[in-house]
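Below is run11.cif, holding mmCIF, C-alpha atoms and all ligand atoms.
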data_target
loop_
_atom_site.group_PDB
_atom_site.id
_atom_site.type_symbol
_atom_site.label_atom_id
_atom_site.label_comp_id
_atom_site.auth_asym_id
_atom_site.auth_seq_id
_atom_site.Cartn_x
_atom_site.Cartn_y
_atom_site.Cartn_z
ATOM 1 C CA MET U 1 0.000 0.000 0.000
ATOM 2 C CA SER U 2 1.274 3.469 -0.823
ATOM 3 C CA GLU U 3 2.012 5.847 2.047
ATOM 4 C CA PHE U 4 -0.235 8.336 0.243
ATOM 5 C CA THR U 5 -3.745 7.051 0.917
ATOM 6 C CA MET U 6 -5.262 10.250 -0.381
ATOM 7 C CA ASP U 7 -8.520 8.586 -1.395
ATOM 8 C CA PHE U 8 -9.274 8.573 2.346
ATOM 9 C CA GLY U 9 -8.347 12.249 2.690
ATOM 10 C CA TRP U 10 -5.231 11.304 4.672
ATOM 11 C CA ARG U 11 -2.181 13.500 4.679
ATOM 12 C CA VAL U 12 1.238 12.081 5.397
ATOM 13 C CA TYR U 13 3.084 13.680 8.328
ATOM 14 C CA HIS U 14 5.559 16.465 7.601
ATOM 15 C CA PRO U 15 8.704 14.964 6.054
ATOM 16 C CA ASN U 16 11.017 17.694 7.291
ATOM 17 C CA PRO U 17 9.698 19.737 10.252
ATOM 18 C CA ARG U 18 11.659 22.822 11.200
ATOM 19 C CA LYS U 19 13.655 22.972 14.421
ATOM 20 C CA PRO U 20 11.493 24.807 16.975
ATOM 21 C CA GLU U 21 12.795 27.952 18.655
ATOM 22 C CA PHE U 22 11.319 26.888 21.991
ATOM 23 C CA VAL U 23 13.583 24.492 23.889
ATOM 24 C CA PRO U 24 11.508 22.196 26.098
ATOM 25 C CA PRO U 25 12.662 21.739 29.706
ATOM 26 C CA ALA U 26 14.769 18.673 30.500
ATOM 27 C CA GLY U 27 12.641 15.547 30.723
ATOM 28 C CA ALA U 28 9.742 16.892 28.624
ATOM 29 C CA VAL U 29 6.964 14.458 27.700
ATOM 30 C CA ASP U 30 5.002 14.425 24.442
ATOM 31 C CA ALA U 31 1.803 13.180 26.103
ATOM 32 C CA HIS U 32 -0.346 12.611 23.027
ATOM 33 C CA CYS U 33 0.994 10.852 19.966
ATOM 34 C CA HIS U 34 0.266 7.682 18.049
ATOM 35 C CA VAL U 35 1.989 4.707 16.456
ATOM 36 C CA PHE U 36 0.338 3.258 13.357
ATOM 37 C CA GLY U 37 1.161 -0.150 11.957
ATOM 38 C CA PRO U 38 3.169 -0.750 9.964
ATOM 39 C CA GLY U 39 -0.031 -2.066 8.432
ATOM 40 C CA ALA U 40 1.712 -5.101 6.953
ATOM 41 C CA VAL U 41 2.626 -6.255 10.481
ATOM 42 C CA PHE U 42 -0.172 -4.742 12.581
ATOM 43 C CA PRO U 43 -3.236 -4.479 10.328
ATOM 44 C CA TYR U 44 -5.737 -1.657 10.757
ATOM 45 C CA ALA U 45 -9.151 -2.471 12.214
ATOM 46 C CA ALA U 46 -11.873 -3.615 9.829
ATOM 47 C CA GLN U 47 -14.372 -1.160 11.363
ATOM 48 C CA ARG U 48 -12.045 1.886 11.052
ATOM 49 C CA LYS U 49 -13.436 5.146 9.705
ATOM 50 C CA TYR U 50 -10.169 6.191 8.059
ATOM 51 C CA THR U 51 -6.928 4.540 7.021
ATOM 52 C CA PRO U 52 -3.751 6.251 8.196
ATOM 53 C CA CYS U 53 -0.356 6.047 6.610
ATOM 54 C CA ASP U 54 2.055 3.998 8.650
ATOM 55 C CA GLY U 55 3.497 5.848 11.635
ATOM 56 C CA PRO U 56 6.198 3.507 12.875
ATOM 57 C CA LYS U 57 7.802 3.725 16.305
ATOM 58 C CA GLU U 58 11.283 4.491 14.931
ATOM 59 C CA LYS U 59 9.977 7.673 13.294
ATOM 60 C CA LEU U 60 8.311 8.677 16.565
ATOM 61 C CA TRP U 61 11.539 8.233 18.548
ATOM 62 C CA ALA U 62 13.446 10.286 15.932
ATOM 63 C CA LEU U 63 10.886 13.098 16.149
ATOM 64 C CA ARG U 64 10.999 13.018 19.964
ATOM 65 C CA ASP U 65 14.777 13.514 19.926
ATOM 66 C CA TYR U 66 14.690 16.137 17.161
ATOM 67 C CA LEU U 67 12.115 18.270 18.996
ATOM 68 C CA GLY U 68 14.008 18.037 22.303
ATOM 69 C CA PHE U 69 11.588 15.765 24.158
ATOM 70 C CA SER U 70 12.508 12.827 26.381
ATOM 71 C CA ARG U 71 9.406 10.636 26.548
ATOM 72 C CA ASN U 72 6.157 9.790 24.783
ATOM 73 C CA VAL U 73 2.659 8.815 25.807
ATOM 74 C CA ILE U 74 1.280 6.770 22.922
ATOM 75 C CA VAL U 75 -2.493 6.835 22.604
ATOM 76 C CA GLN U 76 -4.459 4.118 20.851
ATOM 77 C CA ALA U 77 -6.426 5.582 17.936
ATOM 78 C CA THR U 78 -9.644 4.263 16.454
ATOM 79 C CA CYS U 79 -7.995 3.022 13.244
ATOM 80 C CA HIS U 80 -6.456 0.184 15.309
ATOM 81 C CA GLY U 81 -9.711 -0.460 17.209
ATOM 82 C CA ALA U 82 -9.169 -2.493 20.379
ATOM 83 C CA ASP U 83 -6.193 -4.308 18.857
ATOM 84 C CA ASN U 84 -3.338 -2.827 20.889
ATOM 85 C CA ARG U 85 -0.511 -4.859 19.310
ATOM 86 C CA ALA U 86 1.196 -1.935 17.548
ATOM 87 C CA LEU U 87 1.017 0.091 20.773
ATOM 88 C CA ILE U 88 2.443 -2.772 22.849
ATOM 89 C CA ASP U 89 5.223 -3.363 20.351
ATOM 90 C CA ALA U 90 6.206 0.309 20.544
ATOM 91 C CA LEU U 91 6.096 0.383 24.357
ATOM 92 C CA LEU U 92 8.227 -2.749 24.644
ATOM 93 C CA HIS U 93 10.844 -1.225 22.315
ATOM 94 C CA SER U 94 10.865 2.204 23.959
ATOM 95 C CA GLU U 95 13.553 1.514 26.589
ATOM 96 C CA GLY U 96 11.110 2.758 29.223
ATOM 97 C CA LYS U 97 10.682 6.112 27.477
ATOM 98 C CA ALA U 98 7.059 5.540 26.469
ATOM 99 C CA ARG U 99 3.867 4.734 28.309
ATOM 100 C CA GLY U 100 0.518 4.025 26.707
ATOM 101 C CA VAL U 101 -3.226 4.507 26.677
ATOM 102 C CA ALA U 102 -5.091 1.501 25.262
ATOM 103 C CA THR U 103 -8.565 0.779 23.964
ATOM 104 C CA VAL U 104 -10.208 -2.311 25.472
ATOM 105 C CA ALA U 105 -13.553 -4.052 25.121
ATOM 106 C CA ALA U 106 -15.877 -4.515 28.085
ATOM 107 C CA ASP U 107 -15.120 -8.255 28.217
ATOM 108 C CA VAL U 108 -11.371 -7.713 28.641
ATOM 109 C CA ASN U 109 -10.051 -10.069 31.320
ATOM 110 C CA GLU U 110 -7.645 -9.557 34.184
ATOM 111 C CA ALA U 111 -4.747 -11.359 32.489
ATOM 112 C CA GLU U 112 -5.085 -9.174 29.381
ATOM 113 C CA LEU U 113 -5.151 -6.018 31.479
ATOM 114 C CA GLN U 114 -2.140 -7.210 33.448
ATOM 115 C CA ALA U 115 -0.189 -7.829 30.216
ATOM 116 C CA LEU U 116 -1.043 -4.316 29.035
ATOM 117 C CA HIS U 117 0.061 -2.907 32.381
ATOM 118 C CA GLU U 118 3.395 -4.730 32.233
ATOM 119 C CA ALA U 119 4.010 -3.316 28.750
ATOM 120 C CA GLY U 120 3.488 0.216 30.122
ATOM 121 C CA VAL U 121 -0.198 0.975 29.591
ATOM 122 C CA ARG U 122 -1.563 3.309 32.269
ATOM 123 C CA GLY U 123 -4.973 4.266 30.902
ATOM 124 C CA VAL U 124 -7.866 3.477 28.582
ATOM 125 C CA ARG U 125 -9.440 5.754 26.024
ATOM 126 C CA PHE U 126 -13.180 6.282 25.622
ATOM 127 C CA ASN U 127 -14.015 7.912 22.314
ATOM 128 C CA PHE U 128 -17.273 9.839 21.897
ATOM 129 C CA VAL U 129 -16.484 11.488 18.565
ATOM 130 C CA LYS U 130 -19.362 10.396 16.341
ATOM 131 C CA ARG U 131 -17.422 10.579 13.084
ATOM 132 C CA LEU U 132 -14.867 8.137 14.554
ATOM 133 C CA VAL U 133 -16.833 5.518 16.467
ATOM 134 C CA ASP U 134 -20.303 4.129 17.072
ATOM 135 C CA LYS U 135 -21.346 5.212 20.541
ATOM 136 C CA LEU U 136 -20.708 2.596 23.203
ATOM 137 C CA PRO U 137 -23.360 2.169 25.904
ATOM 138 C CA TYR U 138 -22.481 3.783 29.220
ATOM 139 C CA GLU U 139 -22.821 0.355 30.893
ATOM 140 C CA SER U 140 -19.902 -1.031 28.845
ATOM 141 C CA LEU U 141 -17.770 1.953 29.763
ATOM 142 C CA GLU U 142 -18.729 1.558 33.431
ATOM 143 C CA THR U 143 -17.685 -2.098 33.272
ATOM 144 C CA ILE U 144 -14.295 -1.111 31.858
ATOM 145 C CA SER U 145 -13.923 1.689 34.436
ATOM 146 C CA THR U 146 -14.466 -0.774 37.276
ATOM 147 C CA LYS U 147 -11.956 -3.239 35.828
ATOM 148 C CA ILE U 148 -9.159 -0.706 35.395
ATOM 149 C CA THR U 149 -9.570 1.061 38.722
ATOM 150 C CA ALA U 150 -7.745 -1.734 40.530
ATOM 151 C CA LEU U 151 -4.677 -1.128 38.343
ATOM 152 C CA GLY U 152 -4.571 2.571 39.186
ATOM 153 C CA TRP U 153 -5.165 3.518 35.549
ATOM 154 C CA HIS U 154 -6.956 6.608 34.337
ATOM 155 C CA ILE U 155 -9.485 7.241 31.576
ATOM 156 C CA VAL U 156 -8.847 9.450 28.549
ATOM 157 C CA ILE U 157 -12.002 10.851 26.963
ATOM 158 C CA TYR U 158 -12.298 12.336 23.496
ATOM 159 C CA PHE U 159 -15.409 14.300 22.573
ATOM 160 C CA GLU U 160 -16.468 17.376 20.626
ATOM 161 C CA ALA U 161 -17.884 20.500 22.306
ATOM 162 C CA ALA U 162 -21.391 19.879 20.948
ATOM 163 C CA ASP U 163 -21.520 16.527 22.781
ATOM 164 C CA LEU U 164 -20.461 17.757 26.195
ATOM 165 C CA ALA U 165 -23.859 18.713 27.635
ATOM 166 C CA GLU U 166 -25.458 15.309 27.018
ATOM 167 C CA ASN U 167 -22.448 13.436 28.475
ATOM 168 C CA PHE U 168 -21.549 15.867 31.281
ATOM 169 C CA ASP U 169 -23.044 13.846 34.140
ATOM 170 C CA PHE U 170 -21.596 10.583 32.866
ATOM 171 C CA PHE U 171 -18.136 12.135 32.576
ATOM 172 C CA ALA U 172 -18.415 13.563 36.091
ATOM 173 C CA SER U 173 -19.357 10.111 37.416
ATOM 174 C CA LEU U 174 -16.173 8.421 36.168
ATOM 175 C CA PRO U 175 -14.287 6.961 39.135
ATOM 176 C CA THR U 176 -10.653 7.522 38.109
ATOM 177 C CA GLU U 177 -8.468 10.418 37.067
ATOM 178 C CA VAL U 178 -9.872 11.577 33.713
ATOM 179 C CA VAL U 179 -7.907 13.249 30.903
ATOM 180 C CA VAL U 180 -9.759 15.208 28.215
ATOM 181 C CA ASP U 181 -8.240 15.196 24.740
ATOM 182 C CA HIS U 182 -7.724 18.476 22.868
ATOM 183 C CA MET U 183 -9.708 20.664 25.320
ATOM 184 C CA GLY U 184 -12.966 18.964 24.363
ATOM 185 C CA ARG U 185 -12.586 20.407 20.855
ATOM 186 C CA PRO U 186 -13.938 23.942 21.396
ATOM 187 C CA ASP U 187 -15.318 25.963 18.504
ATOM 188 C CA VAL U 188 -12.604 28.631 18.521
ATOM 189 C CA THR U 189 -14.661 30.972 16.356
ATOM 190 C CA GLN U 190 -16.789 31.500 19.483
ATOM 191 C CA SER U 191 -15.682 33.651 22.395
ATOM 192 C CA VAL U 192 -13.383 32.095 24.976
ATOM 193 C CA ASP U 193 -15.796 33.697 27.477
ATOM 194 C CA GLY U 194 -18.845 32.156 25.791
ATOM 195 C CA GLU U 195 -21.295 29.601 27.159
ATOM 196 C CA ALA U 196 -19.871 26.546 25.425
ATOM 197 C CA PHE U 197 -16.336 26.943 26.758
ATOM 198 C CA ALA U 198 -17.718 27.932 30.165
ATOM 199 C CA LEU U 199 -19.383 24.520 30.355
ATOM 200 C CA PHE U 200 -16.071 22.856 29.591
ATOM 201 C CA LEU U 201 -14.241 24.898 32.216
ATOM 202 C CA ARG U 202 -16.986 23.994 34.686
ATOM 203 C CA LEU U 203 -16.277 20.303 34.069
ATOM 204 C CA LEU U 204 -12.666 20.893 35.118
ATOM 205 C CA GLU U 205 -13.561 23.199 37.989
ATOM 206 C CA GLU U 206 -16.144 20.924 39.586
ATOM 207 C CA ASN U 207 -14.143 17.725 39.126
ATOM 208 C CA GLU U 208 -10.640 17.878 40.525
ATOM 209 C CA ASN U 209 -9.875 14.468 39.034
ATOM 210 C CA PHE U 210 -10.103 16.014 35.538
ATOM 211 C CA TRP U 211 -7.025 16.857 33.469
ATOM 212 C CA CYS U 212 -6.873 18.502 30.059
ATOM 213 C CA LYS U 213 -4.600 18.157 27.041
ATOM 214 C CA VAL U 214 -4.024 21.623 25.610
ATOM 215 C CA SER U 215 -3.139 20.010 22.312
ATOM 216 C CA CYS U 216 -4.059 20.044 18.630
ATOM 217 C CA PRO U 217 -4.268 23.712 17.633
ATOM 218 C CA ASP U 218 -3.883 22.254 14.132
ATOM 219 C CA ARG U 219 -7.251 20.481 14.483
ATOM 220 C CA LEU U 220 -9.021 23.374 16.182
ATOM 221 C CA THR U 221 -7.929 26.451 14.251
ATOM 222 C CA ALA U 222 -10.332 28.119 11.838
ATOM 223 C CA GLU U 223 -7.637 30.381 10.395
ATOM 224 C CA ALA U 224 -6.248 29.722 6.944
ATOM 225 C CA SER U 225 -2.823 31.005 8.050
ATOM 226 C CA TYR U 226 -2.365 27.968 10.343
ATOM 227 C CA ARG U 227 -0.541 30.162 12.843
ATOM 228 C CA TYR U 228 -3.052 28.922 15.431
ATOM 229 C CA ASP U 229 -3.601 32.443 16.860
ATOM 230 C CA ASP U 230 -7.294 31.724 17.425
ATOM 231 C CA VAL U 231 -6.548 28.697 19.625
ATOM 232 C CA VAL U 232 -4.147 30.524 21.955
ATOM 233 C CA PRO U 233 -6.789 32.177 24.214
ATOM 234 C CA PHE U 234 -8.517 28.823 24.836
ATOM 235 C CA ALA U 235 -5.386 26.861 25.671
ATOM 236 C CA LYS U 236 -3.883 29.708 27.700
ATOM 237 C CA ARG U 237 -7.078 29.994 29.753
ATOM 238 C CA VAL U 238 -6.925 26.299 30.654
ATOM 239 C CA VAL U 239 -3.212 26.407 31.520
ATOM 240 C CA ASP U 240 -3.678 29.511 33.686
ATOM 241 C CA MET U 241 -6.677 28.074 35.527
ATOM 242 C CA PHE U 242 -5.478 24.483 35.955
ATOM 243 C CA PRO U 243 -1.661 24.564 35.820
ATOM 244 C CA ASP U 244 -1.311 21.259 37.695
ATOM 245 C CA ARG U 245 -3.773 19.343 35.515
ATOM 246 C CA VAL U 246 -2.663 20.116 31.955
ATOM 247 C CA LEU U 247 -0.731 18.002 29.465
ATOM 248 C CA TRP U 248 0.574 18.669 25.968
ATOM 249 C CA GLY U 249 1.253 16.475 22.936
ATOM 250 C CA THR U 250 2.166 16.678 19.257
ATOM 251 C CA ASP U 251 -0.586 14.280 18.107
ATOM 252 C CA TRP U 252 1.962 12.937 15.585
ATOM 253 C CA PRO U 253 1.282 11.682 12.915
ATOM 254 C CA HIS U 254 -1.940 13.765 13.020
ATOM 255 C CA PRO U 255 -4.377 11.074 11.870
ATOM 256 C CA ASN U 256 -7.450 11.943 9.887
ATOM 257 C CA LEU U 257 -6.509 15.624 9.589
ATOM 258 C CA LYS U 258 -7.668 16.936 6.248
ATOM 259 C CA SER U 259 -6.980 20.685 6.419
ATOM 260 C CA HIS U 260 -3.178 20.893 6.331
ATOM 261 C CA THR U 261 0.027 19.106 7.248
ATOM 262 C CA PRO U 262 1.224 20.506 10.580
ATOM 263 C CA ASP U 263 4.895 21.299 11.026
ATOM 264 C CA GLU U 264 5.809 19.982 14.487
ATOM 265 C CA GLY U 265 8.231 22.919 14.840
ATOM 266 C CA ASP U 266 5.178 25.222 14.763
ATOM 267 C CA LEU U 267 3.367 23.029 17.282
ATOM 268 C CA VAL U 268 6.275 23.165 19.749
ATOM 269 C CA ASP U 269 6.537 26.927 19.306
ATOM 270 C CA PHE U 270 2.845 27.130 20.283
ATOM 271 C CA ILE U 271 3.814 26.015 23.813
ATOM 272 C CA PRO U 272 5.333 29.266 25.182
ATOM 273 C CA ARG U 273 2.310 31.190 23.853
ATOM 274 C CA ILE U 274 -0.033 29.182 26.114
ATOM 275 C CA ALA U 275 2.291 28.386 29.029
ATOM 276 C CA THR U 276 3.949 31.734 29.452
ATOM 277 C CA THR U 277 6.403 31.174 32.315
ATOM 278 C CA THR U 278 9.145 28.608 32.811
ATOM 279 C CA GLU U 279 7.237 27.268 35.819
ATOM 280 C CA LEU U 280 4.058 26.711 33.776
ATOM 281 C CA GLN U 281 6.105 25.097 31.009
ATOM 282 C CA ARG U 282 7.775 22.725 33.473
ATOM 283 C CA LYS U 283 4.408 21.722 34.951
ATOM 284 C CA LEU U 284 2.836 21.213 31.514
ATOM 285 C CA LEU U 285 5.675 19.246 29.969
ATOM 286 C CA VAL U 286 7.410 17.505 32.886
ATOM 287 C CA ASP U 287 5.788 17.537 36.334
ATOM 288 C CA ASN U 288 2.199 16.775 35.297
ATOM 289 C CA PRO U 289 2.816 13.982 32.769
ATOM 290 C CA MET U 290 5.412 12.409 35.052
ATOM 291 C CA ARG U 291 2.899 12.348 37.944
ATOM 292 C CA LEU U 292 0.308 10.652 35.768
ATOM 293 C CA TYR U 293 2.443 8.245 33.738
ATOM 294 C CA TRP U 294 5.660 7.633 35.708
ATOM 295 C CA PRO U 295 4.522 8.119 39.345
ATOM 296 C CA GLU U 296 7.059 5.591 40.605
ATOM 297 C CA GLU U 297 9.908 7.820 39.377
ATOM 298 C CA VAL U 298 8.340 10.887 40.954
ATOM 299 C CA ALA U 299 8.065 8.993 44.267
ATOM 300 C CA LEU U 300 11.766 8.061 44.086
ATOM 301 C CA GLN U 301 12.743 11.714 43.651
ATOM 302 C CA ALA U 302 10.564 12.916 46.535
HETATM 303 C C1 LIG E 401 -6.542 12.304 17.533
HETATM 304 C C2 LIG E 401 -7.681 12.808 16.777
HETATM 305 C C3 LIG E 401 -8.467 12.119 15.899
HETATM 306 C C4 LIG E 401 -8.465 10.721 15.733
HETATM 307 C C5 LIG E 401 -8.422 9.853 16.737
HETATM 308 O O1 LIG E 401 -8.656 7.767 17.649
HETATM 309 C C6 LIG E 401 -8.660 8.418 16.617
HETATM 310 O O2 LIG E 401 -8.868 7.925 15.507
HETATM 311 O O3 LIG E 401 -8.158 10.261 17.953
HETATM 312 C C7 LIG E 401 -9.471 12.870 15.120
HETATM 313 O O4 LIG E 401 -9.883 12.388 14.051
HETATM 314 O O5 LIG E 401 -9.868 13.966 15.555
HETATM 315 O O6 LIG E 401 -6.332 12.665 18.687
HETATM 316 O O7 LIG E 401 -5.796 11.506 17.008
#
Is it possible to give me this structure as C-alpha cells?
Ligand code: 0GY
Amino acid sequence: MSEFTMDFGWRVYHPNPRKPEFVPPAGAVDAHCHVFGPGAVFPYAAQRKYTPCDGPKEKLWALRDYLGFSRNVIVQATCHGADNRALIDALLHSEGKARGVATVAADVNEAELQALHEAGVRGVRFNFVKRLVDKLPYESLETISTKITALGWHIVIYFEAADLAENFDFFASLPTEVVVDHMGRPDVTQSVDGEAFALFLRLLEENENFWCKVSCPDRLTAEASYRYDDVVPFAKRVVDMFPDRVLWGTDWPHPNLKSHTPDEGDLVDFIPRIATTTELQRKLLVDNPMRLYWPEEVALQA
C-alpha cells in the first residue's frame, strides 16, 4: 500500500519539520501521539473510519529527539480499534521512554489487562467522537472503568464540544483520574468567554480528578494562516486556571486531519504562547505527565 492514501483524505506527516525555537525543559513528555502499523505487520481495524499512513515507532523516537523531548505517551487511535498490538510493540521497544493509553472491550479479562500494564499501559481511552466511532453504551464503559480502577489507571475521553452537555453527568461520574483530549474540541470561532467553553471549564472546575490536554491547535484552528492564533486564548485559559492538571502532545502523525500538514516545529513553538512562564512550562511538559504516567519515578525523587 502506498504511504499516500489520499482517497481517504489522509495527509502524510511532515517529512522535514523545522527545528522549533522553543527548547523544552529537560525531561519533557510528548503526552499525546500515536503509532500506526506498519499495516503489513499490525493491520488496521476492519471497522475503522479512516486509514492512516504507517506511523512507525522508529519515526516517533526520531521526532521526539529532534524536537528536544525525552518521553512519549502513545495513545491508541480508532484506526487500530481495540487491537493494541502496535502500541504494545512500541512500548516494549521504547527503553522505558514511552507509556501508553489503550482501547479495550468490556469483556477484557484480568490477564489481558495485566499484560497491558506490564508493557506500560496506564490508561484506557473512551471515544465519543461520532465521526470516529459508534457510541458505546455507558454500561460497557462503566464495566471497563471498574476493571481498570484496581490497576490505578486513568481514563482518557475524546469528545467534541457539541456533545459535552449530554455526556456531562456521565463524565463527572467516572471513578478515576480523567484526561480530556484536545480541550474537548472547542469551537474557537466562538468567544473564549462564551457559554460553550464555560461549560467545559466547569467540568474541570467541579471535578478535581479532571485533566486537560491543551493540544491540537492544528485540528481546532479556523484560520487559513495555520498560525493557530485563534486557539491561543482557549489553551492559555486552561493552563492559567489548571496549571497542575494540563498536558501537551504533538498528536503525531496527526491522523485523519484533512486541512493541512502541521509542522511539528510550529506546534512546539505554540507552547510558550499558552504556558507563558518557565514554571508553567515545566508543569505542563514535565511535572504533570510524570505524575500521571511515571509516578514511581516521581516517588523516588521525593
Ligand atoms: C486524535 C484525533 C483524531 C483521531 C483519533 O482515535 C482516533 O482515531 O483520535 C481525530 O480524528 O480527531 O487525537 O488523534
Suppose a student applies the PyMOL selection byres (((chain U and resi 164) around 12) and not hetatm) to this structure; what residues should they get, written as a tab-separated table (two decimals) with C-alpha atoms, in the frame of the given file?
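Writing done, so here's result.tsv:
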chain	number	residue	atom	x	y	z
U	128	PHE	CA	-17.27	9.84	21.90
U	129	VAL	CA	-16.48	11.49	18.57
U	157	ILE	CA	-12.00	10.85	26.96
U	158	TYR	CA	-12.30	12.34	23.50
U	159	PHE	CA	-15.41	14.30	22.57
U	160	GLU	CA	-16.47	17.38	20.63
U	161	ALA	CA	-17.88	20.50	22.31
U	162	ALA	CA	-21.39	19.88	20.95
U	163	ASP	CA	-21.52	16.53	22.78
U	165	ALA	CA	-23.86	18.71	27.64
U	166	GLU	CA	-25.46	15.31	27.02
U	167	ASN	CA	-22.45	13.44	28.48
U	168	PHE	CA	-21.55	15.87	31.28
U	169	ASP	CA	-23.04	13.85	34.14
U	170	PHE	CA	-21.60	10.58	32.87
U	171	PHE	CA	-18.14	12.14	32.58
U	172	ALA	CA	-18.42	13.56	36.09
U	180	VAL	CA	-9.76	15.21	28.22
U	183	MET	CA	-9.71	20.66	25.32
U	184	GLY	CA	-12.97	18.96	24.36
U	185	ARG	CA	-12.59	20.41	20.86
U	186	PRO	CA	-13.94	23.94	21.40
U	195	GLU	CA	-21.30	29.60	27.16
U	196	ALA	CA	-19.87	26.55	25.42
U	197	PHE	CA	-16.34	26.94	26.76
U	198	ALA	CA	-17.72	27.93	30.16
U	199	LEU	CA	-19.38	24.52	30.36
U	200	PHE	CA	-16.07	22.86	29.59
U	201	LEU	CA	-14.24	24.90	32.22
U	202	ARG	CA	-16.99	23.99	34.69
U	203	LEU	CA	-16.28	20.30	34.07
**OP:** Give the answer as one residue: which of U:Pro243, U:Pro137, U:Pro24, U:Gly81 has the shortest atom-to-atom distance to ligand LIG 401 (chain E), using only C-alpha atoms and all ligand atoms?
**Re:**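 Once distances to ligand LIG 401 (chain E) are computed over only C-alpha atoms and all ligand atoms, the minimum belongs to U:Gly81.
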**OP:** Counting all atoms listed in the file, name the residues that have an atom within 7 Å of an atom of ligand LIG 401 (chain E); the answer should be given as an MDAnalysis selection string.
**Re:** chainID U and resid 76:79 132 181 251 254:257
C-alpha atoms of the current selection, written as a CSV table (one decimal), keeping the file's coordinate frame:
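Output below, filename again14.csv:
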chain,number,residue,atom,x,y,z
U,76,GLN,CA,-4.5,4.1,20.9
U,77,ALA,CA,-6.4,5.6,17.9
U,78,THR,CA,-9.6,4.3,16.5
U,79,CYS,CA,-8.0,3.0,13.2
U,132,LEU,CA,-14.9,8.1,14.6
U,181,ASP,CA,-8.2,15.2,24.7
U,251,ASP,CA,-0.6,14.3,18.1
U,254,HIS,CA,-1.9,13.8,13.0
U,255,PRO,CA,-4.4,11.1,11.9
U,256,ASN,CA,-7.4,11.9,9.9
U,257,LEU,CA,-6.5,15.6,9.6
Subject >> atom CA of U:Ala150 to atom CA of U:Arg85, distance in Å rounded to a single decimal >> reply: 22.6 Å
If you take every atom of stretch 221-233 of chain U that the file lists and fit an axis-aligned box around them with 5 Å extra on each side, what centre and edge lengths come out in Å to one decimal, as AutoDock Vina command-line options?
--center_x -5.4 --center_y 29.4 --center_z 15.6 --size_x 19.8 --size_y 16.0 --size_z 27.3
Subject >> Of the listed residues U:Glu139, U:Glu206, U:Asp269, U:Glu223, that which approaches U:Ala105 most closely, counting only C-alpha atoms >> reply: U:Glu139
**OP:** Determine the residue set returned by the PyMOL selection byres (((chain U and resi 274) around 12) and not hetatm) for the present structure, and present it as a ChimeraX atom specification.
**Re:** /U:213-215,217,228-241,243,246-248,267-273,275-278,280-281,284
Per-residue nearest contacts stretch 62-88 of chain U to stretch 115-118 of chain U, cut-off 10 Å, using only C-alpha atoms, as a tab-separated table:
residue	atom	partner	partner_atom	distance
U:Asn84	CA	U:Leu116	CA	8.6
U:Arg85	CA	U:Leu116	CA	9.8
U:Leu87	CA	U:Leu116	CA	9.6
U:Ile88	CA	U:Leu116	CA	7.3
Subject >> All residues 10 Å or closer to U:Lys147, only C-alpha atoms, same chain fewer than 5 positions away omitted, as a PyMOL selection string >> reply: chain U and resi 106-110+113+141-142+152-153
Original post:
Which residue gives the smallest distance to U:Ala28 among U:Glu112, U:Asp287, U:Asp134, U:Glu297, with all atoms listed in the file counted?
Top reply: U:Asp287
**OP:** Run the PyMOL selection byres (((chain U and resi 103) around 7) and not hetatm) against the file shown and list the residues it catches, as a ChimeraX atom specification.
**Re:** /U:76,81-82,102,104,124-125
